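Enquirer: Pasting in a structure now, in C-alpha cells, and then I'll have a few things to ask.
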Amino acid sequence: MLPIEVIIPELKQQLTLKQQVILQAPPGAGKSTFLPLLLLKESWFAGKIIMLEPRRLAARNIAHYLASQLGQEVGQQVGYRLRGETKISSETQLEIVTEGILVRLLQQDPELNGVDLVIFDEFHERNLQADLGLALCLDMQATLRDNLTLLIMSATLDNNALQQHLPEAGYVSCEGRGFPIDTIYHPVVTRTANSNDRYLQQTALVSLIQKAFMEQEGNILVFVAGVKEILGCCQALQTWINNNNLAVLLAPLYGQLSLDAQQVAIRAPSNNQRKIVVATNIAETSLTIDGITVVVDSGVERSFKFQAQTGIGKLTSQFISEASATQRAGRAGRLSAGTCYRLWAKEKRLNAQNDAPILQSELTALMLEISAWGVNHPKQLPFLTQPPEKHIQVAQQLLQAINAIDINGRCTKHGEQIIEFALSPRLGHMLLTAKTLEKKLNVQGLLALACLLAAFLESNEKSSDDIVAELASVSYQVKTQYKKLLKKCAISAPTILPLQYCGVLLAIAFPDRIAMSRNNANHDYLLSNGAGACLNQSSILLNEKMLVVADLALSEQQTNSLIYKACAISLDEIKALLPDYLTSTDYLFWSLKENKLIAEKRLMLGKICISRVPLNKVTKEQKCEALLNGVRQVGLSMLFWSDSNKALLTRLRYASLQYELANKDKVIDYSEEALLNELDIWLAPFCIGITQPEQFKKVDLKAALLSRLSWEQQQKLDRDFPQAIVVPTGSTIKLTYREQQVPLLSVKMQELYGQAQTPSIFDGKIDIQLALLSPAMKPLQLTQNLDSFWSGAYKEVQKEMKGRYPKHFWPDDPATAVATRKTKKHLS
C-alpha cells in the first residue's frame, strides 16, 4: 500500500469542504501517480482536472505512466500540454500542463469553464509560472469561480509559509514510505560551492561514483549542477567503464534530451546490467527512476540570478538546500534500504530552503501576463512571495520600450498580440515588428527569418556565439518550432532567407543589448543598457565593431558578462531602419578630474555615445545644470557640508525612518538616491548663478534640505525630533542623531539629578540614549534607562566620583536630589 492511500478519506473530505487544500506528501508517497488515477476512477470531480508540473520532463513521463496504467494511449483520458507539444482529445479528463500553459488557459478563459480541480504538483520547487498560476487562480476563485477547487501538493516538510498565505485552506499530511538510508560523507579538500577548480570537483565526484559502484549493489543516481557537468562526468565514467570492461548502462538525464533518451535513464536496464544515471536536480522529485538504491550527491546546483542594475542574469553555482539534500537522498530509499554518498563534510551547514525563483528571476514575461490579467502591479494579486520592486521596474521599462504596456502599466493591443505567440515578450515583439517591416521594405522572407531566429533562441541550445552561422544548420527541435511559428504567422518557408537582416531583427528584440566595441579592444563591448560584455577569445565575431547580443550572463569568474549568442550589425543599418533608437542631446557636466566644463552635443544609442560635437555657446543656466549633473555622477560629497548641515541631514534621515516605521504621514525620503534623483527640485533653486564647483560653498544647504518640507512638516519635525533637550538644570543640551541608532544626549550626570525617567522624543515613543559625563566631561555610563541606573549602577559610580571629585555633590538618592552645575561650595 502506498502511504497516500492511508489519508485518502481525509483528503476527499477536505476537497469537498474547502476551496483550497494543501497536501504534504514526501517523494514516493503516490501523490503524482496514485492520486490522479484515483481521481479519475472514482470521479470525485465531474469536470476536467488540470495538473501543473514544474518540469517538462516530469509532465511528459507522468502522462505516459498514468495512461499506461489505464491501458490507454496518451491523449485519451490522460493528456498533456507543453509549450510546442500537445497530446489531448475530446476524451481527455486529466490534462498535465507546464511552462506557462496554465497561465495561457487562464488568460484565454479567466473562469476555466469545465475545469473543477487544478492541482499544483511539487509546489515546493516554486517554479515562477507555478507562482503566477496560483496567484491568478486564487484571484479568479475570489471573484469569478468560488466552486473551483485548488489542490497544492508539496513534498517539503516546512509548509508554514503556504499555510500562513492560505489560512482557510485544508491541510492534509501523510508519511513517506522510505527505507533506511545510510549517509556517507566524503568532502573534497578545500572545496567550496563557488570554487573555480571545476576539474578538482569533477575528479573527486567521479572517484566517489567509482567508490560507490564498488562498495554497493544496485543502480546509482548521481546529482550534478548542470548539463556541462553531466557531459563531463559521463565522459570520464565511460572511459572508466570501457577500460574495466564493465557491464554498466550509463545514462544522462536532463530536460533537453529526447523522450526516448529520457526513457533509457528512467527504465530499468535489461540483461542484469547495472545502471548509472547522471542528472541535474530535475530528478529530485516527480520522476520515478527504476531500481535506484544508491545516490551520489555533488551537493551543488546551478542558479541563475537576475541583476536589476544591469538587466543581466548571473549564473552561479551554490550549495543545495537542506530540503533538496533530503529529497535527493530519499531517492535511494524508494525500493529498499539504500546509501547516499555526499561530496561534502558532515559539519557543513546547508540553508533550510533556498530563495524562491520569483526573488531572483527576470520578470518581463510575468509583468506582461499580469497586465493582460488587468492589474499593473504584483501587489494586486495574492502571490505567495512578492517579487523585488527593482526587478518589477526593469521589466516595466522594457515592456514600455517595446510598446507592450502603456505608461500606466496597462497591456496594449500590441502586448496582447505578443502574448498570443506564447514566446518571450522580446521574441513576440520581434515577430510582430518583422511582419510590418517586411511590408515596408518589401523584403521577402523577413518574417520567416524572424520565426527561425525565435525558434533558435527559444531552444536555448548550446552553440557557437555567431547566430548567423548557426542558422545554417539548426537542430530538429528548432526546425519543428520554426514550422509551428510559420504556421502561426500564416506563411510558408521561403527558399532563401534574407540573413543580412538578422542584426536588425535581433535589435528589435534586444534594444538594450546593442553593443559597441570599446577602447579599440577586439572582444570588449559596451551594451546600450550601460553594462559591459565580452566575447570569447576564440569567437569568430572578434573585431566586429557592433553586435546585437541575444544571450549573455555574468559568470562567476568574470567582471563583464560573457556573450553566448550574438550577431553583427552596423550603425548605418540602425540609422536607416531603427532611427528611433538614436537620440541627440546636449550633454553638460563639470569634470572634476580635468577641472573644466564639458559641453557637448552627443548622439546616443542608449548609453553608448556614437558621436560628440562641442557646444560653443553655453548659458549660465546650462553651466548650473552641468554642475548638478556632476553632483549626480559624483554624489552628494561634491557639495560642501558643514558639521551642522551633516547633523541636519542625519536628523532628517532618522526622522524619515521613524515616520515610516510608525506608518505616519507620507514620508519624505532623504536617502542619497532620493536626493540625487530630485536635485532639480530641492537644490537647483539655491544654485542660481553658480558656475564653478567652488561656488557650492555659497549654497545654503540647510535651507535647501528643509525646502522639501512644508512649514507644518518643519514644525512637526522640531516637535517630534528636537535638536536639543532641556535638562533639569535648565541647560539646553544638543542631541546627536544617528541614522540607525537612537539619538544620544551627552550630559553631565549632576545636571540630571531629580529626573527619574529617561528623556524621550517622538511623543514619548523613543527613549534617547544618555552618555552620562563626569565634571571633567569624561564618559561615565551609557544608559537608556535612567531610573534603573539611579537605583543600581549609580552606587559604584558614586563611590568612585566621591574620591575623584570630592568638591562635587554626589547624593545618595539622585532621583530626588536637586540638579546642579555647581560644586558643593556654591550650592548653599
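Every chain in the C-alpha cells has a letter given in the order shown (A, B, ...), and although residue numbers restart at 1 in each chain, ligands are simply numbered from 1 in the order shown.
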To test your reading of the structure, identify every residue in stretch 340-475 of chain A that backbone DSSP assigns to helix (DSSP H, G or I), and report it as a VMD selection string.

Expert: chain A and resid 357 to 359 364 to 373 378 to 380 389 to 401 413 to 420 425 to 441 446 to 459 467 to 471

Enquirer: Considering only strand (DSSP E or B) as DSSP defines it on the backbone, what residues of stretch 391-553 of chain A qualify? List them as a ChimeraX atom specification.

Expert: /A:405,411,466,514-517,524-527,532-534,546-553

Enquirer: Return the single residue from A:Glu458, A:Glu10, A:Asp524, A:Glu420 that is closest to A:Leu105, with distances computed using only C-alpha atoms.

Expert: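 For A:Leu105, the nearest of the candidates is A:Glu420.
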
Enquirer: Please, what distance in Å, to one decimal, runs between atom CA of A:Ser89 and atom CA of A:Gln76?

Expert: 6.1 Å

Enquirer: What separation in Å, quoted to one decimal, exists between atom CA of A:Gln210 and atom CA of A:Leu335?

Expert: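 Atom-to-atom, atom CA of A:Gln210 to atom CA of A:Leu335, that is 22.1 Å.
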
Enquirer: Determine, counting only C-alpha atoms, which protein, DNA and RNA residues have an atom within 9 Å of an atom of A:Ile688; residues of the same chain fewer than 6 positions away are not included. Present the result as a PyMOL selection string.

Expert: chain A and resi 620-621+624

Enquirer: Take the residues just selected and output them with N, CA, C and O atoms as a JSON list (two decimals), in the first residue's frame.

Expert:
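What landed in selection-v7.json:
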```
[["chain", "number", "residue", "atom", "x", "y", "z"],
["A", 620, "LYS", "N", 24.50, 80.50, -18.54],
["A", 620, "LYS", "CA", 24.71, 80.30, -17.11],
["A", 620, "LYS", "C", 23.83, 79.17, -16.59],
["A", 620, "LYS", "O", 24.23, 78.39, -15.73],
["A", 621, "GLU", "N", 22.60, 79.11, -17.11],
["A", 621, "GLU", "CA", 21.68, 78.06, -16.69],
["A", 621, "GLU", "C", 22.22, 76.68, -17.07],
["A", 621, "GLU", "O", 22.12, 75.73, -16.29],
["A", 624, "CYS", "N", 25.02, 75.78, -14.73],
["A", 624, "CYS", "CA", 24.48, 75.33, -13.44],
["A", 624, "CYS", "C", 23.98, 73.89, -13.56],
["A", 624, "CYS", "O", 24.23, 73.05, -12.68]]
```

Enquirer: So how many Å separate atom CA of A:Asp813 and atom CA of A:Asp763, to one decimal?

Expert: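 A separation of 28.1 Å between them.
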
Enquirer: Would you write out, as JSON lines, a table of all residues in stretch 492-546 of chain A that have an atom no more than 12 Å from an atom of stretch 473-485 of chain A, listing for each the closest atom pair and the distance in Å to one decimal, considering only C-alpha atoms and ordering rows by chain and rising residue number?

Expert:
```
{"residue": "A:Ser492", "atom": "CA", "partner": "A:Lys483", "partner_atom": "CA", "distance": 8.4}
{"residue": "A:Ala493", "atom": "CA", "partner": "A:Lys483", "partner_atom": "CA", "distance": 8.0}
{"residue": "A:Pro494", "atom": "CA", "partner": "A:Lys483", "partner_atom": "CA", "distance": 11.7}
```

Enquirer: Write out as a ChimeraX atom specification each polymer residue whose atoms come within 12 Å of A:Gln695, counting only C-alpha atoms; drop sequence neighbours fewer than 5 positions from it.

Expert: /A:624,627,638-640,686-690,700

Enquirer: Go ahead and save the picked residues with N, CA, C and O atoms, as a short mmCIF file (atom, residue, chain, number, x, y, z; two decimals), in the first residue's frame.

Expert:
```
data_model
loop_
_atom_site.label_atom_id
_atom_site.label_comp_id
_atom_site.auth_asym_id
_atom_site.auth_seq_id
_atom_site.Cartn_x
_atom_site.Cartn_y
_atom_site.Cartn_z
N CYS A 624 25.02 75.78 -14.73
CA CYS A 624 24.48 75.33 -13.44
C CYS A 624 23.98 73.89 -13.56
O CYS A 624 24.23 73.05 -12.68
N LEU A 627 26.79 71.47 -13.46
CA LEU A 627 27.27 71.19 -12.11
C LEU A 627 26.36 70.20 -11.39
O LEU A 627 26.83 69.32 -10.67
N MET A 638 30.12 65.93 -3.39
CA MET A 638 30.63 67.04 -4.21
C MET A 638 30.23 68.39 -3.63
O MET A 638 30.86 69.40 -3.90
N LEU A 639 29.17 68.39 -2.79
CA LEU A 639 28.74 69.62 -2.14
C LEU A 639 29.60 69.87 -0.91
O LEU A 639 30.36 69.00 -0.47
N PHE A 640 29.48 71.08 -0.34
CA PHE A 640 30.27 71.43 0.83
C PHE A 640 29.39 71.31 2.07
O PHE A 640 28.45 72.09 2.27
N PHE A 686 18.56 76.85 -5.32
CA PHE A 686 19.54 77.51 -4.46
C PHE A 686 20.90 77.65 -5.16
O PHE A 686 21.87 78.08 -4.54
N CYS A 687 20.96 77.24 -6.44
CA CYS A 687 22.23 77.27 -7.17
C CYS A 687 22.22 78.29 -8.30
O CYS A 687 23.07 78.22 -9.20
N ILE A 688 21.30 79.22 -8.27
CA ILE A 688 21.23 80.24 -9.34
C ILE A 688 22.50 81.07 -9.32
O ILE A 688 22.91 81.59 -8.28
N GLY A 689 23.13 81.16 -10.48
CA GLY A 689 24.36 81.91 -10.60
C GLY A 689 25.62 81.11 -10.32
O GLY A 689 26.73 81.59 -10.51
N ILE A 690 25.47 79.85 -9.86
CA ILE A 690 26.63 79.00 -9.59
C ILE A 690 27.16 78.45 -10.91
O ILE A 690 26.44 77.80 -11.66
N ASP A 700 23.10 77.59 0.53
CA ASP A 700 22.53 77.37 1.85
C ASP A 700 21.91 75.97 1.89
O ASP A 700 20.73 75.78 1.59
#
```

Enquirer: Quick one: everything within 10 Å of A:Leu23, counting only C-alpha atoms, minus sequence neighbours fewer than 6 positions away in the same chain. Send it as a list of chain:residue names.

Expert: A:Ile4, A:Ile7, A:Leu11, A:Lys31, A:Phe120, A:Asp121, A:Leu151, A:Ile152, A:Met153, A:Ser154, A:Ala155, A:Asn159, A:Gly170, A:Tyr171, A:Val172, A:Ser173, A:Cys174

Enquirer: Quick one: of A:Leu246, A:Leu506, A:Leu253, A:Ile496, who's nearest to A:Lys228, counting only C-alpha atoms?

Expert: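 Nearest candidate to A:Lys228 out of A:Leu246, A:Leu506, A:Leu253, A:Ile496: A:Leu253.
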
Enquirer: Need to verify the contact set: A:Glu229, 10 Å, only C-alpha atoms, exclusion of same-chain residues closer than 3 positions in sequence. Can you return it as a PyMOL selection string?

Expert: chain A and resi 198+201-202+223-226+232-235+278-280

Enquirer: Go ahead and save the residues from that selection, with all heavy atoms, as a compact mmCIF listing (two decimals), in the first residue's frame.

Expert:
```
# COMPACT_ATOMS: atom_id res chain seq x y z
N ARG A 198 36.96 23.50 -11.21
CA ARG A 198 35.93 22.55 -11.65
C ARG A 198 36.53 21.15 -11.86
O ARG A 198 35.87 20.14 -11.65
CB ARG A 198 35.29 23.05 -12.95
CG ARG A 198 34.60 24.39 -12.83
CD ARG A 198 33.25 24.24 -12.15
NE ARG A 198 32.60 25.51 -11.92
CZ ARG A 198 31.90 26.16 -12.82
NH1 ARG A 198 31.75 25.66 -14.03
NH2 ARG A 198 31.33 27.31 -12.53
N GLN A 201 36.66 19.24 -8.62
CA GLN A 201 35.33 18.77 -8.22
C GLN A 201 34.91 17.56 -9.05
O GLN A 201 34.40 16.57 -8.51
CB GLN A 201 34.30 19.90 -8.38
CG GLN A 201 34.53 21.06 -7.43
CD GLN A 201 33.51 22.16 -7.63
OE1 GLN A 201 32.36 21.88 -7.92
NE2 GLN A 201 33.92 23.39 -7.48
N GLN A 202 35.10 17.65 -10.38
CA GLN A 202 34.69 16.54 -11.24
C GLN A 202 35.49 15.28 -10.94
O GLN A 202 34.94 14.18 -10.88
CB GLN A 202 34.84 16.92 -12.71
CG GLN A 202 34.42 15.79 -13.66
CD GLN A 202 34.50 16.20 -15.11
OE1 GLN A 202 33.84 17.15 -15.54
NE2 GLN A 202 35.31 15.48 -15.87
N PHE A 223 23.74 13.21 -8.77
CA PHE A 223 23.24 14.58 -8.92
C PHE A 223 24.40 15.54 -9.13
O PHE A 223 25.34 15.59 -8.31
CB PHE A 223 22.46 15.01 -7.67
CG PHE A 223 21.10 14.39 -7.56
CD1 PHE A 223 20.88 13.30 -6.73
CD2 PHE A 223 20.03 14.90 -8.29
CE1 PHE A 223 19.63 12.73 -6.62
CE2 PHE A 223 18.76 14.33 -8.19
CZ PHE A 223 18.56 13.24 -7.36
N VAL A 224 24.32 16.32 -10.23
CA VAL A 224 25.33 17.34 -10.51
C VAL A 224 24.63 18.67 -10.80
O VAL A 224 23.39 18.74 -10.84
CB VAL A 224 26.23 16.94 -11.70
CG1 VAL A 224 27.03 15.69 -11.37
CG2 VAL A 224 25.40 16.73 -12.96
N ALA A 225 25.43 19.71 -11.02
CA ALA A 225 24.86 21.06 -11.10
C ALA A 225 24.15 21.35 -12.41
O ALA A 225 23.11 22.01 -12.42
CB ALA A 225 25.96 22.10 -10.87
N GLY A 226 24.70 20.90 -13.55
CA GLY A 226 24.12 21.28 -14.83
C GLY A 226 24.51 20.33 -15.94
O GLY A 226 25.21 19.33 -15.73
N GLY A 232 30.58 16.11 -18.79
CA GLY A 232 31.95 15.86 -18.35
C GLY A 232 32.05 14.62 -17.49
O GLY A 232 32.99 13.82 -17.64
N CYS A 233 31.09 14.46 -16.59
CA CYS A 233 31.09 13.29 -15.71
C CYS A 233 30.88 12.01 -16.52
O CYS A 233 31.56 10.99 -16.30
CB CYS A 233 29.99 13.47 -14.67
SG CYS A 233 29.93 12.17 -13.42
N CYS A 234 29.94 12.03 -17.46
CA CYS A 234 29.66 10.84 -18.28
C CYS A 234 30.87 10.46 -19.13
O CYS A 234 31.16 9.26 -19.31
CB CYS A 234 28.45 11.09 -19.18
SG CYS A 234 26.87 11.01 -18.31
N GLN A 235 31.56 11.45 -19.65
CA GLN A 235 32.74 11.17 -20.48
C GLN A 235 33.80 10.45 -19.65
O GLN A 235 34.38 9.44 -20.08
CB GLN A 235 33.31 12.46 -21.05
CG GLN A 235 34.49 12.24 -21.98
CD GLN A 235 34.99 13.55 -22.60
OE1 GLN A 235 34.60 14.63 -22.18
NE2 GLN A 235 35.86 13.45 -23.58
N VAL A 278 23.17 10.01 -14.50
CA VAL A 278 23.76 11.29 -14.09
C VAL A 278 22.77 12.39 -14.45
O VAL A 278 22.46 12.60 -15.63
CB VAL A 278 25.12 11.52 -14.77
CG1 VAL A 278 25.79 12.78 -14.19
CG2 VAL A 278 26.03 10.31 -14.57
N ALA A 279 22.27 13.09 -13.44
CA ALA A 279 21.16 14.02 -13.66
C ALA A 279 21.39 15.34 -12.92
O ALA A 279 22.21 15.44 -12.01
CB ALA A 279 19.85 13.40 -13.18
N THR A 280 20.62 16.34 -13.31
CA THR A 280 20.54 17.58 -12.56
C THR A 280 19.45 17.41 -11.50
O THR A 280 18.92 16.32 -11.33
CB THR A 280 20.18 18.76 -13.48
OG1 THR A 280 18.90 18.51 -14.06
CG2 THR A 280 21.21 18.92 -14.59
```

Enquirer: Name the residues in contact with A:Ser788 at a cut-off of 10 Å, using only C-alpha atoms, excluding same-chain residues fewer than 6 positions from it; report them as a list in words.

Expert: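 Near neighbours after the sequence-gap exclusion: Ala756, Gln757, Thr758 and Tyr794 of chain A.
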
Enquirer: Next, write the just-selected residues to a file, as a short mmCIF file (atom, residue, chain, number, x, y, z; two decimals), in the first residue's frame, keeping all heavy atoms as the atom set.

Expert:
```
data_model
loop_
_atom_site.label_atom_id
_atom_site.label_comp_id
_atom_site.auth_asym_id
_atom_site.auth_seq_id
_atom_site.Cartn_x
_atom_site.Cartn_y
_atom_site.Cartn_z
N ALA A 756 13.77 61.10 37.21
CA ALA A 756 13.73 59.63 37.35
C ALA A 756 13.59 58.93 36.02
O ALA A 756 14.12 57.82 35.82
CB ALA A 756 12.59 59.23 38.27
N GLN A 757 12.87 59.54 35.09
CA GLN A 757 12.59 58.89 33.81
C GLN A 757 13.57 59.35 32.73
O GLN A 757 14.01 60.50 32.73
CB GLN A 757 11.16 59.20 33.36
CG GLN A 757 10.09 58.70 34.30
CD GLN A 757 10.14 57.20 34.51
OE1 GLN A 757 10.31 56.44 33.55
NE2 GLN A 757 9.99 56.75 35.75
N THR A 758 13.88 58.45 31.82
CA THR A 758 14.76 58.77 30.69
C THR A 758 14.06 59.77 29.77
O THR A 758 12.89 59.58 29.43
CB THR A 758 15.09 57.50 29.89
OG1 THR A 758 15.58 56.50 30.78
CG2 THR A 758 16.12 57.78 28.81
N TYR A 794 24.54 53.30 39.76
CA TYR A 794 24.99 54.61 40.28
C TYR A 794 25.81 54.46 41.55
O TYR A 794 26.74 55.24 41.81
CB TYR A 794 23.77 55.50 40.54
CG TYR A 794 24.11 56.77 41.29
CD1 TYR A 794 24.77 57.83 40.67
CD2 TYR A 794 23.79 56.90 42.65
CE1 TYR A 794 25.10 58.98 41.37
CE2 TYR A 794 24.12 58.04 43.35
CZ TYR A 794 24.77 59.09 42.72
OH TYR A 794 25.09 60.23 43.41
#
```
